[in-house]
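The data block below is query17.cif; it holds mmCIF, C-alpha atoms and all ligand atoms.
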```
data_data
loop_
_atom_site.label_atom_id
_atom_site.label_comp_id
_atom_site.auth_asym_id
_atom_site.auth_seq_id
_atom_site.Cartn_x
_atom_site.Cartn_y
_atom_site.Cartn_z
CA MET A 1 132.53 63.13 -42.45
CA SER A 2 135.41 61.53 -40.69
CA PHE A 3 134.10 58.73 -38.46
CA VAL A 4 132.87 55.35 -39.64
CA ASN A 5 130.52 53.02 -37.78
CA ILE A 6 132.50 49.79 -37.42
CA SER A 7 129.35 47.62 -37.35
CA GLN A 8 127.69 49.34 -40.32
CA GLN A 9 130.45 50.67 -42.51
CA LYS A 10 128.06 52.53 -44.81
CA GLN A 11 127.34 54.92 -41.94
CA VAL A 12 129.91 57.68 -41.91
CA VAL A 13 129.33 60.70 -39.67
CA SER A 14 130.99 63.93 -38.59
CA PHE A 15 132.98 64.20 -35.38
CA LYS A 16 130.14 66.28 -33.91
CA GLN A 17 127.57 63.57 -34.67
CA ALA A 18 129.81 60.86 -33.24
CA VAL A 19 130.33 62.89 -30.05
CA LEU A 20 126.65 63.69 -29.51
CA SER A 21 125.34 60.21 -30.47
CA PRO A 22 128.17 57.79 -29.72
CA ILE A 23 126.17 54.67 -30.65
CA GLY A 24 125.30 54.35 -34.34
CA GLU A 25 123.13 51.99 -36.39
CA ASN A 26 123.35 48.33 -35.41
CA ARG A 27 124.60 49.54 -32.00
CA GLY A 28 127.97 50.20 -33.66
CA ILE A 29 130.70 52.47 -32.33
CA TYR A 30 132.81 54.87 -34.37
CA PHE A 31 136.42 54.91 -35.54
CA PRO A 32 138.38 57.49 -37.58
CA LYS A 33 137.74 56.83 -41.29
CA HIS A 34 141.29 57.64 -42.36
CA ILE A 35 144.33 57.85 -40.16
CA LYS A 36 146.85 60.18 -41.76
CA LYS A 37 150.47 60.36 -40.69
CA LEU A 38 151.56 63.54 -38.95
CA ASP A 39 154.37 65.62 -40.48
CA LYS A 40 157.83 64.77 -39.20
CA ASP A 41 158.45 68.27 -37.89
CA ILE A 42 155.23 68.15 -35.88
CA LEU A 43 156.16 64.76 -34.41
CA SER A 44 159.58 66.05 -33.40
CA SER A 45 158.23 69.26 -31.85
CA LYS A 46 158.88 69.76 -28.15
CA ASP A 47 155.60 71.55 -27.45
CA PHE A 48 152.90 69.24 -26.06
CA ASN A 49 150.00 71.61 -26.81
CA ALA A 50 151.11 72.15 -30.40
CA ILE A 51 151.29 68.39 -31.02
CA ALA A 52 147.91 67.82 -29.33
CA ILE A 53 146.29 70.46 -31.54
CA GLU A 54 147.74 68.92 -34.73
CA THR A 55 146.77 65.41 -33.62
CA LEU A 56 143.17 66.42 -32.92
CA TYR A 57 142.95 68.52 -36.10
CA ASN A 58 144.18 65.55 -38.12
CA LEU A 59 141.85 62.98 -36.51
CA THR A 60 138.77 65.18 -36.83
CA SER A 61 139.65 66.09 -40.46
CA GLY A 62 139.72 69.78 -39.70
CA GLU A 63 136.16 69.92 -38.37
CA LEU A 64 137.38 71.98 -35.42
CA SER A 65 139.62 74.89 -36.37
CA LYS A 66 143.13 75.04 -34.92
CA GLU A 67 142.14 78.26 -33.21
CA ARG A 68 139.19 76.51 -31.53
CA LEU A 69 141.35 73.50 -30.62
CA THR A 70 143.96 75.78 -29.05
CA GLY A 71 141.50 76.89 -26.38
CA MET A 72 140.04 73.42 -25.90
CA VAL A 73 143.47 71.82 -25.46
CA LYS A 74 144.61 74.55 -23.08
CA ARG A 75 141.57 74.08 -20.82
CA ALA A 76 141.29 70.28 -21.07
CA PHE A 77 144.95 69.36 -20.59
CA ASN A 78 145.78 71.93 -17.91
CA PHE A 79 147.84 69.62 -15.71
CA PRO A 80 151.37 68.20 -15.94
CA LEU A 81 152.35 65.14 -17.94
CA THR A 82 155.73 63.55 -17.25
CA VAL A 83 158.00 60.65 -18.09
CA LYS A 84 160.14 59.21 -15.27
CA SER A 85 163.13 57.06 -16.12
CA LEU A 86 163.60 54.28 -13.57
CA THR A 87 166.63 52.93 -15.46
CA PRO A 88 168.15 54.04 -18.79
CA LYS A 89 165.90 51.56 -20.62
CA GLN A 90 162.84 51.55 -18.39
CA HIS A 91 160.56 54.57 -18.39
CA VAL A 92 157.13 55.38 -16.98
CA LEU A 93 154.62 57.73 -18.59
CA GLU A 94 152.78 59.32 -15.67
CA LEU A 95 149.26 60.18 -16.80
CA PHE A 96 147.89 60.68 -13.29
CA HIS A 97 148.55 64.32 -12.45
CA GLY A 98 145.05 65.52 -13.35
CA PRO A 99 142.31 66.51 -10.88
CA THR A 100 141.11 62.93 -10.24
CA LEU A 101 144.55 61.29 -10.33
CA ALA A 102 143.96 58.87 -13.21
CA PHE A 103 144.45 59.07 -16.97
CA LYS A 104 140.67 59.27 -17.50
CA ASP A 105 140.96 63.03 -16.86
CA PHE A 106 142.39 63.49 -20.38
CA GLY A 107 139.41 61.93 -22.14
CA ALA A 108 136.71 63.23 -19.81
CA ARG A 109 137.97 66.82 -19.88
CA PHE A 110 138.26 66.90 -23.66
CA LEU A 111 134.78 65.33 -23.95
CA ALA A 112 133.42 68.11 -21.71
CA GLU A 113 135.02 70.70 -24.00
CA CYS A 114 133.45 69.04 -27.07
CA MET A 115 130.00 68.79 -25.52
CA THR A 116 130.07 72.40 -24.39
CA HIS A 117 131.10 73.44 -27.89
CA PHE A 118 128.64 71.29 -29.87
CA ASN A 119 125.61 71.26 -27.60
CA HIS A 120 123.70 74.52 -27.27
CA GLU A 121 120.56 73.31 -25.51
CA LYS A 122 120.24 72.34 -21.91
CA ALA A 123 121.42 68.73 -21.53
CA THR A 124 121.53 66.10 -18.81
CA ILE A 125 124.29 63.51 -18.68
CA VAL A 126 123.36 60.32 -16.86
CA THR A 127 126.15 57.84 -16.24
CA ALA A 128 127.03 54.90 -14.03
CA THR A 129 130.48 54.42 -12.55
CA SER A 130 132.49 51.86 -10.64
CA GLY A 131 134.93 54.57 -9.59
CA ASP A 132 137.41 56.31 -11.87
CA THR A 133 135.18 57.33 -14.77
CA GLY A 134 132.59 59.00 -12.53
CA ALA A 135 135.19 61.10 -10.78
CA ALA A 136 136.80 62.18 -14.04
CA VAL A 137 133.44 63.04 -15.63
CA ALA A 138 132.24 64.93 -12.53
CA HIS A 139 135.34 67.10 -12.38
CA ALA A 140 135.44 67.64 -16.13
CA PHE A 141 131.83 68.89 -16.30
CA HIS A 142 131.75 70.74 -12.98
CA GLY A 143 130.61 74.31 -13.64
CA LYS A 144 129.99 73.80 -17.39
CA PRO A 145 126.96 75.88 -18.41
CA ASN A 146 123.75 74.15 -19.59
CA ILE A 147 124.85 70.67 -18.56
CA ASP A 148 123.64 68.74 -15.53
CA VAL A 149 125.43 65.53 -14.62
CA VAL A 150 123.81 62.66 -12.72
CA ILE A 151 126.18 59.90 -11.61
CA LEU A 152 125.02 56.58 -10.18
CA TYR A 153 127.44 54.43 -8.20
CA PRO A 154 127.10 51.30 -6.06
CA LYS A 155 126.86 52.22 -2.37
CA GLY A 156 129.77 50.88 -0.31
CA LYS A 157 131.49 49.31 -3.32
CA ILE A 158 133.94 52.05 -4.27
CA SER A 159 136.82 53.32 -2.17
CA LYS A 160 136.22 56.21 0.25
CA GLU A 161 138.88 58.23 -1.60
CA GLN A 162 137.13 57.68 -4.93
CA GLU A 163 133.74 58.57 -3.46
CA GLN A 164 134.87 61.78 -1.75
CA LEU A 165 136.61 62.95 -4.92
CA PHE A 166 133.39 63.30 -6.90
CA CYS A 167 130.53 63.37 -4.39
CA THR A 168 131.55 66.64 -2.75
CA LEU A 169 131.47 68.96 -5.77
CA GLY A 170 127.82 70.07 -5.83
CA ASP A 171 126.49 72.69 -8.31
CA ASN A 172 125.62 70.89 -11.57
CA ILE A 173 127.05 67.55 -10.36
CA HIS A 174 124.49 65.21 -8.74
CA THR A 175 125.56 61.88 -7.27
CA LEU A 176 123.28 58.99 -6.36
CA LYS A 177 124.45 56.09 -4.18
CA VAL A 178 122.49 53.09 -5.30
CA ASP A 179 121.53 50.17 -3.13
CA GLY A 180 123.00 47.63 -5.55
CA ASP A 181 126.10 46.77 -7.55
CA PHE A 182 127.65 48.35 -10.62
CA ASP A 183 125.55 46.27 -13.00
CA ASP A 184 122.38 47.52 -11.26
CA CYS A 185 123.56 51.10 -11.77
CA GLN A 186 124.21 50.46 -15.44
CA SER A 187 120.84 48.85 -15.84
CA LEU A 188 119.09 51.86 -14.23
CA VAL A 189 120.93 54.20 -16.63
CA LYS A 190 119.90 52.06 -19.60
CA GLN A 191 116.27 52.18 -18.50
CA ALA A 192 116.45 55.98 -18.28
CA PHE A 193 117.67 56.12 -21.89
CA ASN A 194 114.85 53.80 -22.99
CA ASP A 195 112.11 55.69 -21.14
CA GLU A 196 110.21 57.97 -23.54
CA GLU A 197 108.98 60.39 -20.91
CA VAL A 198 112.48 60.87 -19.51
CA ALA A 199 114.02 61.11 -22.97
CA GLN A 200 111.45 63.71 -24.11
CA THR A 201 111.63 65.86 -21.00
CA LEU A 202 115.41 65.86 -20.66
CA ASN A 203 117.93 66.12 -23.47
CA LEU A 204 119.75 62.99 -22.30
CA ASN A 205 123.36 62.23 -23.11
CA SER A 206 125.90 59.74 -21.82
CA ALA A 207 129.56 60.35 -21.11
CA ASN A 208 130.20 56.82 -22.26
CA SER A 209 133.75 55.60 -22.38
CA ILE A 210 133.37 54.61 -26.03
CA ASN A 211 132.84 58.27 -27.07
CA VAL A 212 135.34 59.20 -29.81
CA ALA A 213 136.13 62.48 -28.04
CA ARG A 214 137.73 60.47 -25.26
CA LEU A 215 139.59 58.27 -27.72
CA VAL A 216 141.14 61.10 -29.77
CA ALA A 217 142.16 62.97 -26.60
CA GLN A 218 144.13 59.93 -25.46
CA VAL A 219 146.05 59.73 -28.76
CA CYS A 220 147.70 63.08 -27.94
CA TYR A 221 149.97 61.88 -25.15
CA TYR A 222 151.35 59.15 -27.39
CA THR A 223 152.02 61.38 -30.42
CA ALA A 224 153.70 63.76 -27.96
CA LEU A 225 156.16 61.14 -26.69
CA PRO A 226 159.15 62.74 -28.48
CA ALA A 227 158.31 65.98 -26.66
CA LEU A 228 158.24 64.18 -23.32
CA MET A 229 161.32 61.98 -23.59
CA ASN A 230 164.32 61.37 -25.75
CA VAL A 231 162.86 59.24 -28.55
CA SER A 232 162.65 59.59 -32.33
CA ASN A 233 162.23 57.41 -35.38
CA ASP A 234 165.93 56.58 -35.17
CA SER A 235 165.76 55.61 -31.51
CA PRO A 236 162.18 54.58 -30.85
CA ILE A 237 160.36 53.04 -27.94
CA ASP A 238 160.77 49.30 -28.45
CA ARG A 239 157.85 48.27 -26.28
CA LEU A 240 155.01 50.43 -25.04
CA ILE A 241 153.20 48.61 -22.24
CA VAL A 242 149.61 49.64 -21.51
CA PRO A 243 147.67 48.32 -18.48
CA SER A 244 144.34 47.51 -20.14
CA GLY A 245 140.72 46.87 -19.19
CA ASN A 246 138.31 48.21 -21.77
CA PHE A 247 141.24 48.72 -24.20
CA GLY A 248 140.57 52.40 -24.92
CA ASN A 249 144.07 53.44 -23.95
CA LEU A 250 145.62 50.69 -26.09
CA THR A 251 143.43 51.68 -29.07
CA ALA A 252 144.67 55.26 -28.69
CA ALA A 253 148.28 54.04 -28.68
CA MET A 254 147.62 51.99 -31.82
CA ILE A 255 146.25 55.10 -33.57
CA ALA A 256 149.27 57.15 -32.48
CA LYS A 257 151.62 54.48 -33.86
CA ALA A 258 149.72 54.61 -37.17
CA MET A 259 150.13 58.41 -37.15
CA GLY A 260 153.90 57.97 -36.95
CA ALA A 261 154.68 58.04 -33.23
CA PRO A 262 158.03 56.26 -32.68
CA ILE A 263 156.67 53.07 -31.10
CA ASN A 264 157.79 49.65 -32.39
CA HIS A 265 155.52 47.32 -30.47
CA LEU A 266 152.53 47.55 -28.11
CA ILE A 267 151.88 45.21 -25.20
CA ALA A 268 148.51 45.12 -23.48
CA ALA A 269 148.86 44.00 -19.86
CA THR A 270 145.61 42.77 -18.32
CA ASN A 271 144.83 41.36 -14.91
CA LYS A 272 143.15 37.95 -14.47
CA ASN A 273 140.39 39.12 -16.82
CA ASP A 274 142.31 37.77 -19.77
CA THR A 275 139.89 37.53 -22.72
CA VAL A 276 142.33 39.37 -25.01
CA PRO A 277 145.54 37.53 -24.01
CA ARG A 278 143.71 34.25 -24.59
CA PHE A 279 142.48 35.56 -27.95
CA PHE A 280 146.08 36.21 -28.99
CA ILE A 281 146.90 32.56 -28.32
CA SER A 282 143.80 30.73 -29.52
CA LYS A 283 142.47 33.35 -32.01
CA GLN A 284 139.09 32.76 -30.41
CA TRP A 285 136.92 35.22 -28.54
CA ARG A 286 135.77 33.45 -25.38
CA PRO A 287 134.95 35.91 -22.57
CA LYS A 288 134.57 34.42 -19.10
CA LYS A 289 132.75 35.80 -16.07
CA THR A 290 134.40 39.01 -14.81
CA GLN A 291 136.64 38.47 -11.77
CA ARG A 292 137.36 41.04 -9.08
CA THR A 293 141.01 42.02 -8.74
CA LEU A 294 143.22 44.60 -7.02
CA SER A 295 143.28 46.57 -10.29
CA ASN A 296 139.51 46.98 -10.31
CA ALA A 297 139.32 49.60 -13.09
CA MET A 298 140.52 46.82 -15.40
CA ASP A 299 137.98 44.23 -14.29
CA VAL A 300 136.48 43.93 -17.77
CA SER A 301 135.96 40.65 -19.57
CA GLN A 302 134.32 41.99 -22.74
CA PRO A 303 136.38 45.04 -23.67
CA ASN A 304 134.33 47.30 -25.97
CA ASN A 305 137.30 48.87 -27.67
CA PHE A 306 138.79 45.63 -28.94
CA ALA A 307 136.29 45.75 -31.81
CA ARG A 308 137.99 48.95 -32.93
CA ILE A 309 141.38 47.24 -32.97
CA LEU A 310 140.00 44.31 -35.00
CA TYR A 311 138.33 46.77 -37.36
CA TYR A 312 141.61 48.57 -37.96
CA TYR A 313 143.44 45.33 -38.76
CA GLN A 314 140.54 43.60 -40.50
CA GLU A 315 142.41 43.21 -43.79
CA ASN A 316 145.66 42.13 -42.22
CA LEU A 317 145.23 40.17 -39.03
CA GLU A 318 148.84 38.96 -39.23
CA GLN A 319 149.97 42.56 -38.82
CA LEU A 320 147.90 42.83 -35.64
CA PHE A 321 149.88 40.00 -34.06
CA GLU A 322 153.11 41.63 -35.21
CA ASP A 323 152.27 45.08 -33.82
CA ILE A 324 150.51 44.11 -30.61
CA SER A 325 150.80 41.38 -28.01
CA ALA A 326 148.89 40.80 -24.80
CA THR A 327 149.66 39.19 -21.50
CA SER A 328 147.81 38.54 -18.25
CA ILE A 329 149.28 39.27 -14.83
CA ASN A 330 147.93 37.54 -11.74
CA GLU A 331 147.31 38.93 -8.26
CA ILE A 332 150.47 37.44 -6.72
CA GLN A 333 152.58 39.11 -9.40
CA THR A 334 150.72 42.40 -8.91
CA ARG A 335 151.36 42.38 -5.16
CA ARG A 336 155.01 41.48 -5.67
CA THR A 337 155.47 44.35 -8.13
CA ILE A 338 153.80 46.84 -5.76
CA ARG A 339 156.24 45.73 -3.03
CA GLN A 340 159.28 45.76 -5.31
CA TYR A 341 158.73 49.35 -6.50
CA ALA A 342 157.81 50.62 -3.03
CA GLN A 343 161.20 49.32 -1.87
CA GLN A 344 162.81 51.27 -4.71
CA HIS A 345 160.94 54.37 -3.49
CA TYR A 346 158.68 54.53 -6.50
CA PRO A 347 155.24 53.54 -5.16
CA VAL A 348 152.86 52.37 -7.90
CA ASP A 349 149.12 51.77 -7.96
CA PRO A 350 147.85 48.24 -8.72
CA HIS A 351 147.00 49.07 -12.37
CA THR A 352 150.44 50.49 -13.11
CA ALA A 353 151.94 47.47 -11.30
CA VAL A 354 150.27 45.15 -13.82
CA GLY A 355 152.12 47.00 -16.60
CA LEU A 356 155.43 47.24 -14.77
CA GLU A 357 155.49 43.51 -14.11
CA VAL A 358 156.00 43.01 -17.85
CA THR A 359 159.28 44.94 -17.82
CA SER A 360 160.49 43.74 -14.43
CA THR A 361 160.50 40.00 -14.51
CA LEU A 362 158.27 38.23 -16.91
CA PHE A 363 159.62 39.32 -20.26
CA ARG A 364 162.63 41.24 -19.13
CA ASP A 365 164.70 42.26 -22.10
CA LYS A 366 167.66 44.36 -21.05
CA LYS A 367 168.28 45.78 -24.51
CA SER A 368 164.70 46.87 -25.08
CA ASN A 369 163.74 50.53 -24.54
CA ASP A 370 160.50 50.12 -22.57
CA LEU A 371 157.83 52.64 -21.64
CA VAL A 372 155.10 51.65 -19.18
CA VAL A 373 151.93 53.71 -18.92
CA ALA A 374 151.13 54.69 -15.30
CA THR A 375 147.35 55.00 -15.30
CA ALA A 376 146.62 56.08 -11.70
CA HIS A 377 148.34 57.83 -8.80
CA PRO A 378 149.36 55.37 -6.06
CA ALA A 379 147.44 57.39 -3.44
CA LYS A 380 144.20 56.87 -5.32
CA PHE A 381 144.45 53.22 -4.31
CA ALA A 382 146.01 53.90 -0.91
CA ASP A 383 143.85 51.23 0.73
CA VAL A 384 145.23 48.54 -1.61
CA LEU A 385 148.81 49.72 -1.12
CA GLU A 386 148.41 49.81 2.65
CA ASP A 387 147.08 46.27 2.58
CA VAL A 388 149.96 45.00 0.43
CA LEU A 389 152.76 46.98 2.09
CA GLN A 390 151.42 46.94 5.66
CA GLU A 391 152.41 50.56 6.14
CA PRO A 392 150.66 53.94 5.82
CA VAL A 393 150.65 55.60 2.38
CA LYS A 394 150.89 59.36 1.95
CA ARG A 395 147.88 61.06 0.33
CA PRO A 396 148.25 64.13 -1.89
CA GLN A 397 146.61 67.37 -0.79
CA SER A 398 143.71 67.07 -3.26
CA ILE A 399 142.63 63.80 -1.62
CA LEU A 400 143.11 65.12 1.93
CA ASP A 401 140.97 68.16 1.04
CA ALA A 402 138.25 65.99 -0.46
CA MET A 403 138.24 63.67 2.58
CA ASN A 404 137.35 66.64 4.79
CA LYS A 405 134.34 67.71 2.72
CA THR A 406 130.76 66.60 3.22
CA SER A 407 129.41 64.05 0.80
CA LEU A 408 126.38 65.42 -1.08
CA SER A 409 125.22 62.03 -2.41
CA ILE A 410 121.58 61.08 -2.24
CA PRO A 411 120.62 57.44 -1.50
CA LEU A 412 118.61 55.71 -4.22
CA ALA A 413 116.81 52.38 -4.07
CA ASN A 414 117.54 49.99 -6.92
CA GLU A 415 114.20 50.93 -8.52
CA PHE A 416 113.80 52.66 -11.85
CA ASP A 417 110.66 54.50 -10.70
CA ASP A 418 112.71 56.23 -8.00
CA LEU A 419 115.35 57.28 -10.51
CA LYS A 420 112.66 58.50 -12.90
CA ASP A 421 111.02 60.60 -10.17
CA TYR A 422 114.40 62.08 -9.33
CA LEU A 423 115.26 62.91 -12.94
CA LEU A 424 111.87 64.46 -13.72
CA ARG A 425 112.04 66.62 -10.64
C1 LIG B 501 140.19 52.84 -16.83
C2 LIG B 501 141.48 52.48 -16.24
C3 LIG B 501 142.34 51.52 -16.83
C4 LIG B 501 141.96 50.75 -18.08
O1 LIG B 501 141.98 51.56 -19.23
P1 LIG B 501 141.24 51.07 -20.56
O2 LIG B 501 141.36 52.20 -21.51
O3 LIG B 501 139.82 50.80 -20.16
O4 LIG B 501 141.93 49.84 -21.02
C5 LIG B 501 143.57 51.27 -16.26
N1 LIG B 501 143.94 51.89 -15.12
C6 LIG B 501 143.14 52.80 -14.51
C7 LIG B 501 143.62 53.43 -13.27
C8 LIG B 501 141.90 53.13 -15.05
O5 LIG B 501 141.11 54.02 -14.43
#
```

Represent the structure of the file as structure tokens.
Amino acid sequence: MSFVNISQQKQVVSFKQAVLSPIGENRGIYFPKHIKKLDKDILSSKDFNAIAIETLYNLTSGELSKERLTGMVKRAFNFPLTVKSLTPKQHVLELFHGPTLAFKDFGARFLAECMTHFNHEKATIVTATSGDTGAAVAHAFHGKPNIDVVILYPKGKISKEQEQLFCTLGDNIHTLKVDGDFDDCQSLVKQAFNDEEVAQTLNLNSANSINVARLVAQVCYYTALPALMNVSNDSPIDRLIVPSGNFGNLTAAMIAKAMGAPINHLIAATNKNDTVPRFFISKQWRPKKTQRTLSNAMDVSQPNNFARILYYYQENLEQLFEDISATSINEIQTRRTIRQYAQQHYPVDPHTAVGLEVTSTLFRDKKSNDLVVATAHPAKFADVLEDVLQEPVKRPQSILDAMNKTSLSIPLANEFDDLKDYLLR
């Protein structure tokens, strides 16, 4: 029993339970009950898969055997992971070399491995997406036996590249373009989960971003930092900068630091949706209305994962402010950073630009050894880059291939009865 419900701390469940029912009593989400430090020799290993296996074994308290994890890690993390050094003290952790060109591939692919392992009946995953998550989930579950995936997305409100990446797969992946916005899609999904007939007929599951399988998968690339670059406890990363929206990636970094990864300080970089940066100043939680920005995967004003961070530091809030800081980057700064790095022949996507801004100008500290997390491939947001740079942006082959395929999406009115008919058929 290794995961505790942060809203109802008497409820402690196994990793399997937390994966299959990610929302507990009191609508609470789960967090590892104990975070144990990894052995020094594991942390200094140069083998990414070996560190990932130990990290996952540790966080799930041995519920999955190392033998089992070996196969899961090999299949889930089957794409490159690299650190680029822009200057001797400024590095970028590129997490975007997976099939859908954003870091969400790590979490979604490991979640698919966990669901395939734990779930032996036929199941249907219904999920809503504003872009990146849907693509990652679709690719991760494509071809998995016994699992059908239904993805709802707002028609005309995601980029063509994003849409083609997940709406052309077919087989067990079904995509519905909804006549509405993202909130409408989410509301339709919620109604499906609350409908008894749907729930009884289909073994419904969500690939929700708060699932602990996604969280623990993301810890692995931080505990593996010594394998990816030249850092150790004697010469650590001074500042790890994480572009943040729902704060899952930052929570994973916080867990890795607690497990002994050589990271001194974490900085969350948000866009104009600055609930957390304002919280760090005023100590008050005052979400505002969500604003649309160039870094749209971070347009979140009530980040779900922040509750996990507060839970972890509940007995020592001072330590939170020592370990983590947060800052908000505006659209002018984001555009300037995109231009600056394109000129240096290192094109960056708008999310990564929000993180890079922190090391470039705002809080430049020449002595500090900085690592910025690059969350998406620049070509995934080619339309934004072309608008900012006023020049064509090269697409990788995977996107060009997807652009040539036929979209298999089915139109859906913003009506629950239509979704229900579809699901029951
Ligand atoms: C989801 C996403 C983010 C935000 O990550 P969180 O874990 O939600 O903070 C940042 N960049 C990209 C490209 C994303 O897809």

The centre and edge lengths of an axis-aligned box containing all atoms of ligand LIG 501 (chain B) present in the file, extended by 3 Å on each side, are to be given in Å to one decimal, as JSON.
```
{"center_x": 141.9, "center_y": 51.9, "center_z": -17.4, "size_x": 10.1, "size_y": 10.2, "size_z": 14.2}
```

- Query: When distances are computed from all atoms listed in the file, which of A:Ile6, A:Ile147, A:Ala353, A:Met298 shows the smallest separation from Asp132 of chain A?
  - Reply: A:Met298

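Residues having any atom no farther than 8 Å from (141.5, 52.9, -28.7) (counting all atoms listed in the file) are Leu215, Phe247, Gly248, Asn249, Leu250, Thr251, Ala252, Ala253, Met254, Ile255, Asn305, Phe306, Arg308 and Ile309 of chain A.
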
Around ligand LIG 501 (chain B), out to 10 Å and counting only C-alpha atoms and all ligand atoms, which residues are there? I want them as a compact mmCIF listing (two decimals) with C-alpha atoms, in the frame of the given file.
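part_1.txt, freshly written:
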```txt
# COMPACT_ATOMS: atom_id res chain seq x y z
CA LEU A 95 149.26 60.18 -16.80
CA PHE A 96 147.89 60.68 -13.29
CA THR A 100 141.11 62.93 -10.24
CA LEU A 101 144.55 61.29 -10.33
CA ALA A 102 143.96 58.87 -13.21
CA PHE A 103 144.45 59.07 -16.97
CA LYS A 104 140.67 59.27 -17.50
CA ASP A 105 140.96 63.03 -16.86
CA GLY A 107 139.41 61.93 -22.14
CA SER A 130 132.49 51.86 -10.64
CA GLY A 131 134.93 54.57 -9.59
CA ASP A 132 137.41 56.31 -11.87
CA THR A 133 135.18 57.33 -14.77
CA ALA A 135 135.19 61.10 -10.78
CA ALA A 136 136.80 62.18 -14.04
CA SER A 209 133.75 55.60 -22.38
CA ILE A 210 133.37 54.61 -26.03
CA ARG A 214 137.73 60.47 -25.26
CA LEU A 215 139.59 58.27 -27.72
CA GLN A 218 144.13 59.93 -25.46
CA VAL A 242 149.61 49.64 -21.51
CA PRO A 243 147.67 48.32 -18.48
CA SER A 244 144.34 47.51 -20.14
CA GLY A 245 140.72 46.87 -19.19
CA ASN A 246 138.31 48.21 -21.77
CA PHE A 247 141.24 48.72 -24.20
CA GLY A 248 140.57 52.40 -24.92
CA ASN A 249 144.07 53.44 -23.95
CA LEU A 250 145.62 50.69 -26.09
CA THR A 251 143.43 51.68 -29.07
CA ALA A 252 144.67 55.26 -28.69
CA ALA A 268 148.51 45.12 -23.48
CA ALA A 269 148.86 44.00 -19.86
CA THR A 270 145.61 42.77 -18.32
CA SER A 295 143.28 46.57 -10.29
CA ASN A 296 139.51 46.98 -10.31
CA ALA A 297 139.32 49.60 -13.09
CA MET A 298 140.52 46.82 -15.40
CA ASP A 299 137.98 44.23 -14.29
CA VAL A 300 136.48 43.93 -17.77
CA PRO A 303 136.38 45.04 -23.67
CA ASN A 304 134.33 47.30 -25.97
CA ASN A 305 137.30 48.87 -27.67
CA PHE A 306 138.79 45.63 -28.94
CA ASP A 349 149.12 51.77 -7.96
CA PRO A 350 147.85 48.24 -8.72
CA HIS A 351 147.00 49.07 -12.37
CA THR A 352 150.44 50.49 -13.11
CA ALA A 353 151.94 47.47 -11.30
CA VAL A 354 150.27 45.15 -13.82
CA GLY A 355 152.12 47.00 -16.60
CA VAL A 373 151.93 53.71 -18.92
CA ALA A 374 151.13 54.69 -15.30
CA THR A 375 147.35 55.00 -15.30
CA ALA A 376 146.62 56.08 -11.70
CA HIS A 377 148.34 57.83 -8.80
CA PRO A 378 149.36 55.37 -6.06
CA LYS A 380 144.20 56.87 -5.32
CA PHE A 381 144.45 53.22 -4.31
```

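Counting all atoms listed in the file, Pro277 of chain A has the following residues at most 8 Å away, ignoring those fewer than 4 positions along the same chain: Thr270, Ile281, Ser325, Ala326, Thr327 and Ser328 of chain A.
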
Export of prior selection with C-alpha atoms as a CSV table (one decimal), in the coordinates of the input:
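Done, and the output landed in part-v2.csv:
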```
chain,number,residue,atom,x,y,z
A,270,THR,CA,145.6,42.8,-18.3
A,281,ILE,CA,146.9,32.6,-28.3
A,325,SER,CA,150.8,41.4,-28.0
A,326,ALA,CA,148.9,40.8,-24.8
A,327,THR,CA,149.7,39.2,-21.5
A,328,SER,CA,147.8,38.5,-18.2
```

Interface rows for segment 185-265 of chain A against segment 151-165 of chain A: nearest pair, Å to one decimal, 9 Å, only C-alpha atoms, as CSV:
```
residue,atom,partner,partner_atom,distance
A:Cys185,CA,A:Leu152,CA,5.9
A:Gln186,CA,A:Leu152,CA,8.1
A:Leu188,CA,A:Leu152,CA,8.6
A:Val189,CA,A:Leu152,CA,8.0
```

Can you spit out the residues from that selection as a PDB file, keeping the file's coordinate frame, using C-alpha atoms?
```pdb
ATOM      1  CA  CYS A 185     123.560  51.100 -11.770  1.00  0.00           C
ATOM      2  CA  GLN A 186     124.210  50.460 -15.440  1.00  0.00           C
ATOM      3  CA  LEU A 188     119.090  51.860 -14.230  1.00  0.00           C
ATOM      4  CA  VAL A 189     120.930  54.200 -16.630  1.00  0.00           C
TER       5      VAL A 189
END
```

- Hey, what's within 8 Å of Met259 of chain A if we count all atoms listed in the file and toss same-chain stuff fewer than 4 positions away? As a count of residues only, please? 6

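Counting all atoms listed in the file, the residue from A:Asp401, A:Asp181, A:Glu25, A:Glu357 that sits nearest to Thr337 of chain A is A:Glu357.
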
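Taking all atoms listed in the file into account, Gly71 of chain A lies nearest to A:Phe110 out of the set A:Phe110, A:Phe321, A:Phe182, A:Phe193.
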
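Closest approach to Gln319 of chain A among A:His265, A:Arg292, A:Asn369, A:Lys40 is made by A:His265 (distances from all atoms listed in the file).
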
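Take the candidates A:Val137, A:Leu176, A:Ile51, A:Ile338 and check each one against Tyr221 of chain A using only C-alpha atoms; the shortest distance goes to A:Ile51.
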
- Quick one, how far is atom CA of Leu169 of chain A from atom CA of Ser398 of chain A? 12.6 Å

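Atom CA of Ser360 of chain A is found 13.9 Å from atom CA of Ile267 of chain A.
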
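As for atom CA of Ser85 of chain A and atom CA of Ala256 of chain A, they are spaced 21.4 Å apart.
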
- Mind listing as a ChimeraX atom specification all residues within 6 Å of (132.1, 59.0, -34.0), counting all atoms listed in the file? /A:3,15,18-19,22,30,212

- Message: I need the residue nearest Thr60 of chain A from this list: A:Asn404, A:Gln11, A:Gln17, A:Ser301. Use all atoms listed in the file for the distance.
- Response: A:Gln17
